[in-house]
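Student: model-v3.tsv is reproduced in full below (TSV, C-alpha atoms).
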```
chain	number	residue	atom	x	y	z
A	13	MET	CA	0.00	0.00	0.00
A	14	PRO	CA	-0.50	2.26	-1.81
A	15	ALA	CA	-0.44	1.00	-5.39
A	16	ILE	CA	-0.37	4.32	-7.23
A	17	THR	CA	2.53	6.60	-6.36
A	18	VAL	CA	5.43	8.50	-7.93
A	19	ASP	CA	9.20	8.25	-7.53
A	20	ASP	CA	9.65	12.03	-7.40
A	21	ILE	CA	6.80	13.93	-5.76
A	22	THR	CA	8.36	17.26	-6.76
A	23	VAL	CA	7.27	16.76	-10.38
A	24	LEU	CA	3.59	16.85	-9.41
A	25	PRO	CA	1.39	19.94	-9.44
A	26	ARG	CA	0.94	21.37	-5.96
A	27	LEU	CA	-2.14	22.14	-3.92
A	28	PRO	CA	-2.33	25.79	-2.95
A	29	ARG	CA	-1.44	26.63	0.62
A	30	PRO	CA	-4.55	27.90	2.40
A	31	ASP	CA	-4.57	31.64	2.91
A	32	ARG	CA	-3.75	32.46	6.53
A	33	THR	CA	-6.96	34.49	6.75
A	34	LEU	CA	-9.06	31.36	6.14
A	35	ARG	CA	-10.50	29.64	9.17
A	36	GLU	CA	-8.88	26.30	9.88
A	37	ARG	CA	-11.37	23.58	10.69
A	38	PRO	CA	-11.27	22.35	14.28
A	39	VAL	CA	-11.80	18.70	15.17
A	40	LYS	CA	-15.36	18.33	16.42
A	41	GLN	CA	-15.13	14.62	17.21
A	42	LEU	CA	-12.70	11.70	17.14
A	43	VAL	CA	-14.29	8.31	16.49
A	44	THR	CA	-12.57	4.94	16.85
A	45	ALA	CA	-13.81	2.36	14.34
A	46	HIS	CA	-15.41	-0.79	15.71
A	47	LYS	CA	-14.86	-4.22	14.16
A	48	GLN	CA	-17.53	-6.54	12.80
A	49	LEU	CA	-18.04	-9.33	10.29
A	50	GLU	CA	-19.58	-8.71	6.87
A	51	GLY	CA	-20.39	-10.66	3.70
A	52	ALA	CA	-19.39	-14.31	3.95
A	53	GLY	CA	-17.48	-13.64	7.16
A	54	PHE	CA	-14.66	-11.14	6.54
A	55	GLU	CA	-13.79	-8.56	9.19
A	56	VAL	CA	-14.14	-4.81	8.66
A	57	ARG	CA	-13.35	-1.72	10.67
A	58	ARG	CA	-16.33	0.66	10.63
A	59	PRO	CA	-16.15	4.21	12.02
A	60	PHE	CA	-19.70	4.94	10.88
A	61	PRO	CA	-22.48	4.26	11.31
A	62	SER	CA	-21.66	3.51	14.93
A	63	VAL	CA	-22.76	4.30	18.45
A	64	ASP	CA	-20.36	7.26	18.42
A	65	LEU	CA	-21.25	8.55	14.94
A	66	ARG	CA	-24.69	7.62	13.69
A	67	SER	CA	-24.86	10.19	10.88
A	68	ALA	CA	-22.15	11.30	8.45
A	69	ASP	CA	-24.37	13.02	5.87
A	70	PRO	CA	-24.03	12.68	2.87
A	71	PHE	CA	-22.35	9.32	3.59
A	72	ILE	CA	-24.02	6.21	4.94
A	73	LEU	CA	-21.15	3.84	5.73
A	74	LEU	CA	-17.35	3.54	5.69
A	75	ASP	CA	-15.66	0.14	5.94
A	76	GLN	CA	-11.96	-0.66	6.00
A	77	MET	CA	-11.49	-4.24	4.78
A	78	GLY	CA	-8.13	-5.45	6.06
A	79	PRO	CA	-5.24	-5.20	5.79
A	80	VAL	CA	-5.23	-8.95	6.15
A	81	THR	CA	-2.99	-11.69	4.78
A	82	TYR	CA	-5.12	-14.66	3.81
A	83	GLU	CA	-3.95	-18.24	3.85
A	84	PRO	CA	-4.82	-20.38	0.79
A	85	HIS	CA	-8.60	-20.90	0.47
A	86	GLU	CA	-9.27	-18.50	3.35
A	87	ALA	CA	-10.25	-15.34	1.42
A	88	LYS	CA	-13.94	-14.38	1.56
A	89	GLY	CA	-16.17	-11.88	-0.19
A	90	ALA	CA	-19.77	-10.72	-0.39
A	91	PRO	CA	-21.95	-13.05	-2.54
A	92	TRP	CA	-24.90	-11.80	-4.61
A	93	HIS	CA	-27.04	-9.21	-2.81
A	94	PRO	CA	-29.25	-6.20	-3.71
A	95	HIS	CA	-28.88	-2.44	-3.23
A	96	ARG	CA	-31.17	0.55	-3.76
A	97	GLY	CA	-31.03	4.28	-3.07
A	98	PHE	CA	-27.29	5.04	-2.87
A	99	GLU	CA	-23.84	4.46	-4.41
A	100	THR	CA	-21.04	2.09	-3.38
A	101	VAL	CA	-17.42	3.18	-3.89
A	102	THR	CA	-14.74	0.49	-3.50
A	103	TYR	CA	-11.09	1.61	-3.40
A	104	MET	CA	-8.44	-1.13	-3.41
A	105	LEU	CA	-5.05	-0.63	-1.77
A	106	ASP	CA	-3.65	-4.18	-1.87
A	107	GLY	CA	-4.83	-7.34	-3.54
A	108	ALA	CA	-7.86	-7.42	-5.80
A	109	MET	CA	-11.64	-7.77	-5.84
A	110	VAL	CA	-13.89	-9.06	-8.62
A	111	HIS	CA	-17.28	-7.41	-9.13
A	112	HIS	CA	-20.28	-8.57	-11.21
A	113	ASP	CA	-23.73	-7.01	-11.34
A	114	SER	CA	-27.14	-7.67	-12.87
A	115	HIS	CA	-26.76	-4.76	-15.32
A	116	GLY	CA	-23.62	-6.13	-16.96
A	117	GLY	CA	-21.13	-3.96	-15.09
A	118	GLY	CA	-18.07	-5.25	-13.36
A	119	GLY	CA	-14.50	-6.41	-13.63
A	120	THR	CA	-11.42	-6.81	-11.48
A	121	ILE	CA	-10.54	-3.99	-9.11
A	122	GLY	CA	-6.76	-4.09	-8.66
A	123	GLN	CA	-4.32	-2.16	-6.50
A	124	GLY	CA	-5.06	1.55	-6.62
A	125	ASP	CA	-8.27	1.08	-8.64
A	126	THR	CA	-11.72	2.35	-7.70
A	127	GLN	CA	-15.10	0.88	-8.59
A	128	TRP	CA	-18.09	3.23	-8.42
A	129	MET	CA	-21.49	1.58	-8.56
A	130	THR	CA	-24.68	3.63	-8.54
A	131	ALA	CA	-27.37	1.28	-7.24
A	132	GLY	CA	-30.11	3.87	-7.79
A	133	SER	CA	-33.43	2.16	-8.51
A	134	GLY	CA	-31.99	-1.26	-7.75
A	135	ILE	CA	-29.24	-3.67	-8.69
A	136	LEU	CA	-27.86	-7.07	-7.69
A	137	HIS	CA	-24.11	-7.55	-7.41
A	138	ASP	CA	-21.36	-9.58	-5.82
A	139	GLU	CA	-17.87	-8.70	-4.62
A	140	VAL	CA	-15.51	-11.63	-4.32
A	141	PRO	CA	-11.75	-12.22	-4.26
A	142	PRO	CA	-10.29	-13.49	-7.56
A	143	GLU	CA	-9.70	-17.22	-7.91
A	144	GLU	CA	-5.92	-16.84	-7.73
A	145	LEU	CA	-6.14	-15.01	-4.38
A	146	VAL	CA	-8.43	-17.71	-3.03
A	147	ALA	CA	-6.09	-20.45	-4.25
A	148	THR	CA	-2.76	-18.98	-3.11
A	149	GLY	CA	-3.71	-16.55	-0.37
A	150	GLY	CA	-2.12	-13.14	-0.06
A	151	LEU	CA	-2.50	-9.57	1.13
A	152	PHE	CA	-5.90	-7.87	0.87
A	153	HIS	CA	-6.79	-4.29	1.81
A	154	GLY	CA	-9.68	-2.18	0.57
A	155	ILE	CA	-12.12	0.57	1.48
A	156	GLN	CA	-15.84	0.72	0.80
A	157	LEU	CA	-17.78	3.97	1.08
A	158	TRP	CA	-21.55	4.29	0.72
A	159	VAL	CA	-22.66	7.65	-0.69
A	160	ASN	CA	-26.29	8.59	-0.16
A	161	LEU	CA	-28.50	9.85	-2.98
A	162	PRO	CA	-31.07	12.63	-2.52
A	163	ARG	CA	-34.76	11.84	-2.83
A	164	THR	CA	-34.87	13.04	-6.45
A	165	LEU	CA	-32.12	10.58	-7.48
A	166	LYS	CA	-32.95	7.53	-5.36
A	167	MET	CA	-34.50	5.85	-8.41
A	168	ALA	CA	-31.84	6.89	-10.93
A	169	ALA	CA	-30.82	4.26	-13.47
A	170	PRO	CA	-28.01	2.03	-12.16
A	171	ARG	CA	-24.54	2.70	-13.58
A	172	TYR	CA	-20.98	1.48	-13.14
A	173	GLN	CA	-17.66	3.34	-13.27
A	174	ASP	CA	-14.30	1.59	-13.46
A	175	LEU	CA	-11.62	4.08	-12.34
A	176	ASP	CA	-8.19	2.66	-13.12
A	177	SER	CA	-5.42	3.78	-10.76
A	178	SER	CA	-3.72	5.63	-13.61
A	179	THR	CA	-6.73	7.96	-13.94
A	180	LEU	CA	-6.55	9.29	-10.37
A	181	THR	CA	-5.39	12.89	-10.07
A	182	LEU	CA	-2.03	13.03	-8.27
A	183	VAL	CA	-0.96	16.26	-6.56
A	184	SER	CA	1.41	17.17	-3.76
A	185	SER	CA	1.00	19.41	-0.77
A	186	HIS	CA	2.31	22.94	-1.22
A	187	ASP	CA	5.65	21.99	0.40
A	188	GLY	CA	6.01	18.58	-1.27
A	189	GLY	CA	5.65	16.68	2.02
A	190	ALA	CA	2.48	14.78	1.11
A	191	LEU	CA	1.12	12.95	-1.92
A	192	VAL	CA	-2.64	13.32	-2.47
A	193	ARG	CA	-4.62	11.05	-4.81
A	194	ILE	CA	-7.93	12.68	-5.71
A	195	ILE	CA	-10.57	10.05	-6.52
A	196	ALA	CA	-13.62	12.31	-6.87
A	197	GLY	CA	-14.65	15.91	-6.47
A	198	GLU	CA	-12.54	19.05	-6.47
A	199	ILE	CA	-9.85	19.94	-3.94
A	200	GLY	CA	-7.77	23.08	-4.29
A	201	GLY	CA	-8.65	23.47	-7.96
A	202	PHE	CA	-7.85	19.85	-8.89
A	203	SER	CA	-10.59	17.34	-9.77
A	204	GLY	CA	-10.71	13.57	-9.55
A	205	PRO	CA	-12.09	11.27	-12.27
A	206	GLY	CA	-15.14	9.96	-10.39
A	207	SER	CA	-18.50	11.19	-11.65
A	208	THR	CA	-20.76	11.91	-8.69
A	209	TYR	CA	-24.49	12.54	-8.29
A	210	THR	CA	-24.04	13.80	-4.73
A	211	PRO	CA	-21.39	16.57	-4.54
A	212	ILE	CA	-18.46	15.12	-2.57
A	213	ALA	CA	-14.68	15.21	-2.30
A	214	TYR	CA	-12.75	11.96	-1.79
A	215	ALA	CA	-8.98	11.51	-1.65
A	216	HIS	CA	-6.14	9.42	-0.19
A	217	ALA	CA	-3.10	11.20	1.25
A	218	SER	CA	0.34	9.83	2.13
A	219	ILE	CA	2.16	12.21	4.48
A	220	ALA	CA	5.91	11.76	4.98
A	221	PRO	CA	7.22	11.32	8.55
A	222	GLY	CA	7.33	14.72	10.23
A	223	GLY	CA	5.42	16.24	7.31
A	224	GLN	CA	2.24	18.25	7.28
A	225	LEU	CA	-0.67	18.49	4.88
A	226	GLU	CA	-2.33	21.90	4.79
A	227	MET	CA	-5.06	22.10	2.22
A	228	PRO	CA	-8.16	24.10	1.31
A	229	TRP	CA	-11.51	22.37	1.72
A	230	PRO	CA	-14.91	23.46	0.36
A	231	GLN	CA	-16.62	25.44	3.10
A	232	HIS	CA	-20.09	24.10	2.25
A	233	PHE	CA	-18.90	20.47	2.52
A	234	THR	CA	-18.60	18.32	5.59
A	235	ALA	CA	-15.02	17.15	6.24
A	236	MET	CA	-13.60	13.96	7.75
A	237	ALA	CA	-10.21	12.25	7.80
A	238	TYR	CA	-9.78	8.52	8.51
A	239	VAL	CA	-6.40	6.99	9.41
A	240	LEU	CA	-5.57	3.88	7.38
A	241	SER	CA	-2.15	3.44	9.02
A	242	GLY	CA	0.41	5.42	10.98
A	243	SER	CA	-0.04	8.19	13.52
A	244	GLY	CA	-0.10	11.95	13.70
A	245	ALA	CA	-2.11	15.00	14.69
A	246	VAL	CA	-5.14	16.68	13.19
A	247	GLY	CA	-7.04	19.94	13.18
A	248	ALA	CA	-6.51	23.37	14.65
A	249	GLN	CA	-6.01	21.83	18.11
A	250	ARG	CA	-3.36	19.35	16.78
A	251	ARG	CA	-5.16	16.43	18.39
A	252	SER	CA	-3.26	13.14	18.34
A	253	TYR	CA	-4.83	10.30	16.40
A	254	THR	CA	-3.85	6.97	14.96
A	255	GLU	CA	-4.84	3.95	12.85
A	256	GLY	CA	-8.57	3.21	12.81
A	257	GLN	CA	-9.64	6.66	14.00
A	258	LEU	CA	-11.84	9.15	12.16
A	259	ALA	CA	-11.59	12.89	12.71
A	260	VAL	CA	-14.83	14.81	12.13
A	261	PHE	CA	-14.13	18.46	11.42
A	262	GLY	CA	-16.18	21.50	12.33
A	263	PRO	CA	-16.78	24.49	10.03
A	264	GLY	CA	-13.98	26.27	8.21
A	265	ALA	CA	-12.19	26.53	4.87
A	266	ALA	CA	-8.95	24.58	5.45
A	267	ILE	CA	-7.76	21.40	7.12
A	268	THR	CA	-4.37	20.46	8.57
A	269	ILE	CA	-3.03	16.96	9.23
A	270	SER	CA	0.49	16.29	10.55
A	271	ALA	CA	2.51	13.07	10.60
A	272	ASP	CA	4.55	11.97	13.58
A	273	SER	CA	8.31	11.97	12.98
A	274	GLN	CA	8.35	8.16	13.20
A	275	GLN	CA	5.79	6.03	11.39
A	276	HIS	CA	5.02	2.38	12.07
A	277	SER	CA	3.10	1.69	8.89
A	278	PRO	CA	3.62	-0.60	5.87
A	279	THR	CA	4.57	2.35	3.63
A	280	GLY	CA	6.54	4.35	6.18
A	281	ASP	CA	4.09	7.24	5.67
A	282	PHE	CA	1.00	8.46	7.49
A	283	GLU	CA	-1.87	7.14	5.32
A	284	VAL	CA	-5.15	9.07	5.57
A	285	LEU	CA	-8.47	9.08	3.70
A	286	LEU	CA	-10.06	12.50	3.20
A	287	LEU	CA	-13.79	12.72	2.57
A	288	GLY	CA	-16.66	15.15	2.78
A	289	GLY	CA	-19.63	16.41	0.84
A	290	GLN	CA	-22.71	18.54	0.54
A	291	PRO	CA	-25.17	17.42	3.25
A	292	ILE	CA	-28.45	16.13	1.82
A	293	ARG	CA	-30.44	16.84	5.01
A	294	GLU	CA	-33.25	14.42	4.26
A	295	PRO	CA	-34.71	11.60	6.36
A	296	VAL	CA	-32.69	8.38	6.11
A	297	VAL	CA	-34.37	5.02	6.59
A	298	GLN	CA	-32.02	2.06	6.14
A	299	TYR	CA	-32.86	-1.60	6.07
A	300	GLY	CA	-29.73	-3.63	5.30
A	301	PRO	CA	-28.79	-2.93	1.67
A	302	PHE	CA	-31.61	-0.44	1.04
A	303	VAL	CA	-31.34	3.27	1.93
A	304	MET	CA	-34.49	5.32	1.35
A	305	ASN	CA	-36.41	8.24	2.87
A	306	THR	CA	-39.46	6.45	4.31
A	307	ARG	CA	-40.47	3.10	5.77
A	308	SER	CA	-42.98	2.57	2.97
A	309	GLU	CA	-40.17	2.98	0.40
A	310	ILE	CA	-38.17	0.32	2.23
A	311	ILE	CA	-41.13	-2.07	2.13
A	312	GLN	CA	-41.46	-1.39	-1.60
A	313	ALA	CA	-37.74	-2.06	-2.09
A	314	VAL	CA	-37.99	-5.43	-0.34
A	315	GLU	CA	-41.02	-6.36	-2.45
A	316	ASP	CA	-39.29	-5.26	-5.66
A	317	TYR	CA	-36.23	-7.32	-4.80
A	318	GLN	CA	-38.23	-10.41	-3.90
A	319	SER	CA	-40.25	-10.17	-7.12
A	320	GLY	CA	-37.12	-9.82	-9.28
A	321	ARG	CA	-37.70	-6.20	-10.30
A	322	MET	CA	-34.14	-5.27	-9.31
A	323	GLY	CA	-32.72	-7.65	-11.89
A	324	ASN	CA	-31.55	-11.23	-11.92
A	325	ILE	CA	-28.25	-12.97	-11.40
A	326	PRO	CA	-26.71	-13.61	-14.83
A	327	ALA	CA	-26.89	-17.27	-15.81
A	328	GLU	CA	-23.10	-17.70	-15.78
A	329	HIS	CA	-23.04	-16.70	-12.09
A	330	LEU	CA	-25.96	-18.76	-10.81
A	331	ASN	CA	-23.59	-20.96	-8.83
A	332	GLY	CA	-23.17	-17.96	-6.48
A	333	THR	CA	-25.28	-17.52	-3.38
A	334	ARG	CA	-28.12	-15.03	-3.39
A	335	LEU	CA	-28.79	-13.29	-0.10
A	336	GLY	CA	-32.31	-12.60	1.04
```
Can you present the structure in this file as C-alpha cells?

Tutor:
Amino acid sequence: MPAITVDDITVLPRLPRPDRTLRERPVKQLVTAHKQLEGAGFEVRRPFPSVDLRSADPFILLDQMGPVTYEPHEAKGAPWHPHRGFETVTYMLDGAMVHHDSHGGGGTIGQGDTQWMTAGSGILHDEVPPEELVATGGLFHGIQLWVNLPRTLKMAAPRYQDLDSSTLTLVSSHDGGALVRIIAGEIGGFSGPGSTYTPIAYAHASIAPGGQLEMPWPQHFTAMAYVLSGSGAVGAQRRSYTEGQLAVFGPGAAITISADSQQHSPTGDFEVLLLGGQPIREPVVQYGPFVMNTRSEIIQAVEDYQSGRMGNIPAEHLNGTRLG
C-alpha cells in the first residue's frame, strides 16, 4: 500500500497553501472504528455508522477491509445481494476484488483502482476475491464507502464506473511533504475522475514522517479524515490520532493533518483518507442494503427485490449464493 505513487513527488502539481486568513477547521469529534463481520465472514473496521457517529451526511457507511494476509482458500467476499437508493465506492489498496452485477457492469478492481457503482433504482451484485487469491492466499486491503443519494435521485438508473489507478489525479501538498490522490470531487482546484451525483470530495493522502498536509476544503462540505495506518495529529487543536480513527471536522475553509516523525506503517508514511460532501439533510431510513427516505419505500424495495424487479443474477453466475 499504496499502489499508485510517484518516484519524485516534486514533479507533481501542488495544492495551494490555504490563505492564513481562512478559518482552519477544528476537530469536532474523534471516532474509533469498531470491528464486525460482513459478507461471507470477513472482518471490517467501521467508524460509521456507529454508536459514536450515527450520521455522516451525505455518507451512509465507511468500511476498512483489512489489511489482512489470507492463507490459501481462506479469502472471503460478499456473494450476490441487492442495493437501492445510494452508491457504493470500492477503493483497493492491496490485492484485488472481482465485481459482477445484474446490469452487466463489473470487472477486477486491482491495486489503486476504484469501482463506483450507482445502485439507484436497484441492482444485484457480488464482490468476491479473484480465484488466484483464493487459491494462493495473499494480502488484501480495501475501502468501501456508501454515498447517499437525494430523494430526487434515489431511483436513478443504475450505472458502473471503473476508475483505473492511472486515472486518479495526483498532486502534492504545497511543500512537497504529502502525496494526495484525488478520486472524486474538487480539492484546491484539482478534480478527480469519479462522476458523482451527490457533490463530494474523496482523496487518499500519504504524508511523509514529520510532514504536514495543509489544504483548502470546500466550506459548504462536511469534512472527515480517517487513518488507514500510521499516527499523527489533526485539526486546529493538533489532536493526536492513529490507525482506525476518524476525525470529524467542524466548520472552516482549510484542514491540517500532521505526521509523527516516526511512522510504524507498511509504507513508512501516514496514510489518511479525506472525505466530505454537501449534506443532503433528508430523512434516512435504512434496512440492510436499502437506503431510502421512508419506511414505505423500504417495504417497496424489499417487495421489488423479492419479485425480481431489481434484476436477476446472470446465468453464468448462478452458482453464487443469493442473499435474502

Student: Skipping near chain neighbours, those fewer than 4 positions away, what residues fall within 12 Å of Phe282 in chain A using all atoms listed in the file, listed as a VMD selection string?

Tutor: chain A and resid 13 to 14 189 to 192 216 to 225 237 to 246 253 to 255 269 to 278

Student: Per residue of range 225-323 of chain A within 8 Å of range 69-80 of chain A, record the nearest atom pair and its distance in Å to one decimal, counting only C-alpha atoms, with rows in chain order and ascending residue number, as CSV.

Tutor:
```
residue,atom,partner,partner_atom,distance
A:Thr234,CA,A:Asp69,CA,7.8
A:Leu240,CA,A:Gln76,CA,8.0
A:Gly288,CA,A:Pro70,CA,7.8
A:Gly289,CA,A:Pro70,CA,6.1
A:Gln290,CA,A:Pro70,CA,6.4
A:Pro291,CA,A:Pro70,CA,4.9
A:Ile292,CA,A:Pro70,CA,5.7
A:Arg293,CA,A:Asp69,CA,7.2
```

Student: Could you work out how far CA of Ser203 in chain A lies from CA of Ser67 in chain A, giving the answer in Å with one decimal?

Tutor: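 That distance, rounded to one decimal, is 26.1 Å.
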
Student: Which residue, A:Val183, A:Ala68, A:Ala235, A:Met227, has the smallest gap to Thr268 in chain A when you use only C-alpha atoms?

Tutor: A:Met227

Student: One number please: CA of Lys166 in chain A to CA of Arg57 in chain A, in Å, one decimal.

Tutor: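 That distance, rounded to one decimal, is 27.0 Å.
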
Student: With the input short on atoms, add N, CA and C atoms back to range 275-300 of chain A and write it as a PDB file, keeping the file's coordinate frame.

Tutor:
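So the final result, stored in selection_23.pdb, reads:
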```pdb
ATOM      1  N   GLN A 275       7.003   6.707  11.821  1.00  0.00           N
ATOM      2  CA  GLN A 275       5.790   6.030  11.390  1.00  0.00           C
ATOM      3  C   GLN A 275       5.967   4.526  11.418  1.00  0.00           C
ATOM      4  N   HIS A 276       5.024   3.845  12.050  1.00  0.00           N
ATOM      5  CA  HIS A 276       5.020   2.380  12.070  1.00  0.00           C
ATOM      6  C   HIS A 276       3.878   1.917  11.171  1.00  0.00           C
ATOM      7  N   SER A 277       4.108   2.046   9.880  1.00  0.00           N
ATOM      8  CA  SER A 277       3.100   1.690   8.890  1.00  0.00           C
ATOM      9  C   SER A 277       3.781   0.944   7.749  1.00  0.00           C
ATOM     10  N   PRO A 278       3.011   0.185   6.967  1.00  0.00           N
ATOM     11  CA  PRO A 278       3.620  -0.600   5.870  1.00  0.00           C
ATOM     12  C   PRO A 278       4.375   0.256   4.864  1.00  0.00           C
ATOM     13  N   THR A 279       3.929   1.493   4.632  1.00  0.00           N
ATOM     14  CA  THR A 279       4.570   2.350   3.630  1.00  0.00           C
ATOM     15  C   THR A 279       5.632   3.259   4.223  1.00  0.00           C
ATOM     16  N   GLY A 280       5.642   3.389   5.546  1.00  0.00           N
ATOM     17  CA  GLY A 280       6.540   4.350   6.180  1.00  0.00           C
ATOM     18  C   GLY A 280       5.969   5.748   6.235  1.00  0.00           C
ATOM     19  N   ASP A 281       4.763   5.945   5.664  1.00  0.00           N
ATOM     20  CA  ASP A 281       4.090   7.240   5.670  1.00  0.00           C
ATOM     21  C   ASP A 281       2.829   7.173   6.525  1.00  0.00           C
ATOM     22  N   PHE A 282       2.276   8.335   6.790  1.00  0.00           N
ATOM     23  CA  PHE A 282       1.000   8.460   7.490  1.00  0.00           C
ATOM     24  C   PHE A 282      -0.085   8.430   6.417  1.00  0.00           C
ATOM     25  N   GLU A 283      -0.887   7.350   6.384  1.00  0.00           N
ATOM     26  CA  GLU A 283      -1.870   7.140   5.320  1.00  0.00           C
ATOM     27  C   GLU A 283      -3.265   7.532   5.812  1.00  0.00           C
ATOM     28  N   VAL A 284      -3.885   8.495   5.112  1.00  0.00           N
ATOM     29  CA  VAL A 284      -5.150   9.070   5.570  1.00  0.00           C
ATOM     30  C   VAL A 284      -6.132   9.197   4.410  1.00  0.00           C
ATOM     31  N   LEU A 285      -7.391   8.826   4.645  1.00  0.00           N
ATOM     32  CA  LEU A 285      -8.470   9.080   3.700  1.00  0.00           C
ATOM     33  C   LEU A 285      -9.125  10.409   4.044  1.00  0.00           C
ATOM     34  N   LEU A 286      -9.392  11.220   3.024  1.00  0.00           N
ATOM     35  CA  LEU A 286     -10.060  12.500   3.200  1.00  0.00           C
ATOM     36  C   LEU A 286     -11.405  12.435   2.502  1.00  0.00           C
ATOM     37  N   LEU A 287     -12.465  12.801   3.183  1.00  0.00           N
ATOM     38  CA  LEU A 287     -13.790  12.720   2.570  1.00  0.00           C
ATOM     39  C   LEU A 287     -14.737  13.747   3.172  1.00  0.00           C
ATOM     40  N   GLY A 288     -15.642  14.203   2.338  1.00  0.00           N
ATOM     41  CA  GLY A 288     -16.660  15.150   2.780  1.00  0.00           C
ATOM     42  C   GLY A 288     -17.587  15.441   1.622  1.00  0.00           C
ATOM     43  N   GLY A 289     -18.687  16.125   1.904  1.00  0.00           N
ATOM     44  CA  GLY A 289     -19.630  16.410   0.840  1.00  0.00           C
ATOM     45  C   GLY A 289     -20.720  17.367   1.263  1.00  0.00           C
ATOM     46  N   GLN A 290     -21.576  17.667   0.295  1.00  0.00           N
ATOM     47  CA  GLN A 290     -22.710  18.540   0.540  1.00  0.00           C
ATOM     48  C   GLN A 290     -23.789  17.763   1.300  1.00  0.00           C
ATOM     49  N   PRO A 291     -24.136  18.157   2.518  1.00  0.00           N
ATOM     50  CA  PRO A 291     -25.170  17.420   3.250  1.00  0.00           C
ATOM     51  C   PRO A 291     -26.493  17.405   2.498  1.00  0.00           C
ATOM     52  N   ILE A 292     -27.156  16.261   2.499  1.00  0.00           N
ATOM     53  CA  ILE A 292     -28.450  16.130   1.820  1.00  0.00           C
ATOM     54  C   ILE A 292     -29.584  16.611   2.712  1.00  0.00           C
ATOM     55  N   ARG A 293     -29.455  16.365   4.006  1.00  0.00           N
ATOM     56  CA  ARG A 293     -30.440  16.840   5.010  1.00  0.00           C
ATOM     57  C   ARG A 293     -31.849  16.344   4.702  1.00  0.00           C
ATOM     58  N   GLU A 294     -31.955  15.061   4.449  1.00  0.00           N
ATOM     59  CA  GLU A 294     -33.250  14.420   4.260  1.00  0.00           C
ATOM     60  C   GLU A 294     -33.356  13.232   5.212  1.00  0.00           C
ATOM     61  N   PRO A 295     -34.568  12.775   5.516  1.00  0.00           N
ATOM     62  CA  PRO A 295     -34.710  11.600   6.360  1.00  0.00           C
ATOM     63  C   PRO A 295     -34.010  10.394   5.734  1.00  0.00           C
ATOM     64  N   VAL A 296     -33.363   9.592   6.573  1.00  0.00           N
ATOM     65  CA  VAL A 296     -32.690   8.380   6.110  1.00  0.00           C
ATOM     66  C   VAL A 296     -33.304   7.185   6.829  1.00  0.00           C
ATOM     67  N   VAL A 297     -33.851   6.266   6.047  1.00  0.00           N
ATOM     68  CA  VAL A 297     -34.370   5.020   6.590  1.00  0.00           C
ATOM     69  C   VAL A 297     -33.608   3.890   5.903  1.00  0.00           C
ATOM     70  N   GLN A 298     -32.848   3.140   6.695  1.00  0.00           N
ATOM     71  CA  GLN A 298     -32.020   2.060   6.140  1.00  0.00           C
ATOM     72  C   GLN A 298     -32.501   0.714   6.650  1.00  0.00           C
ATOM     73  N   TYR A 299     -32.583  -0.216   5.722  1.00  0.00           N
ATOM     74  CA  TYR A 299     -32.860  -1.600   6.070  1.00  0.00           C
ATOM     75  C   TYR A 299     -31.859  -2.451   5.291  1.00  0.00           C
ATOM     76  N   GLY A 300     -30.774  -2.847   5.974  1.00  0.00           N
ATOM     77  CA  GLY A 300     -29.730  -3.630   5.300  1.00  0.00           C
ATOM     78  C   GLY A 300     -29.192  -2.907   4.077  1.00  0.00           C
TER      79      GLY A 300
END
```
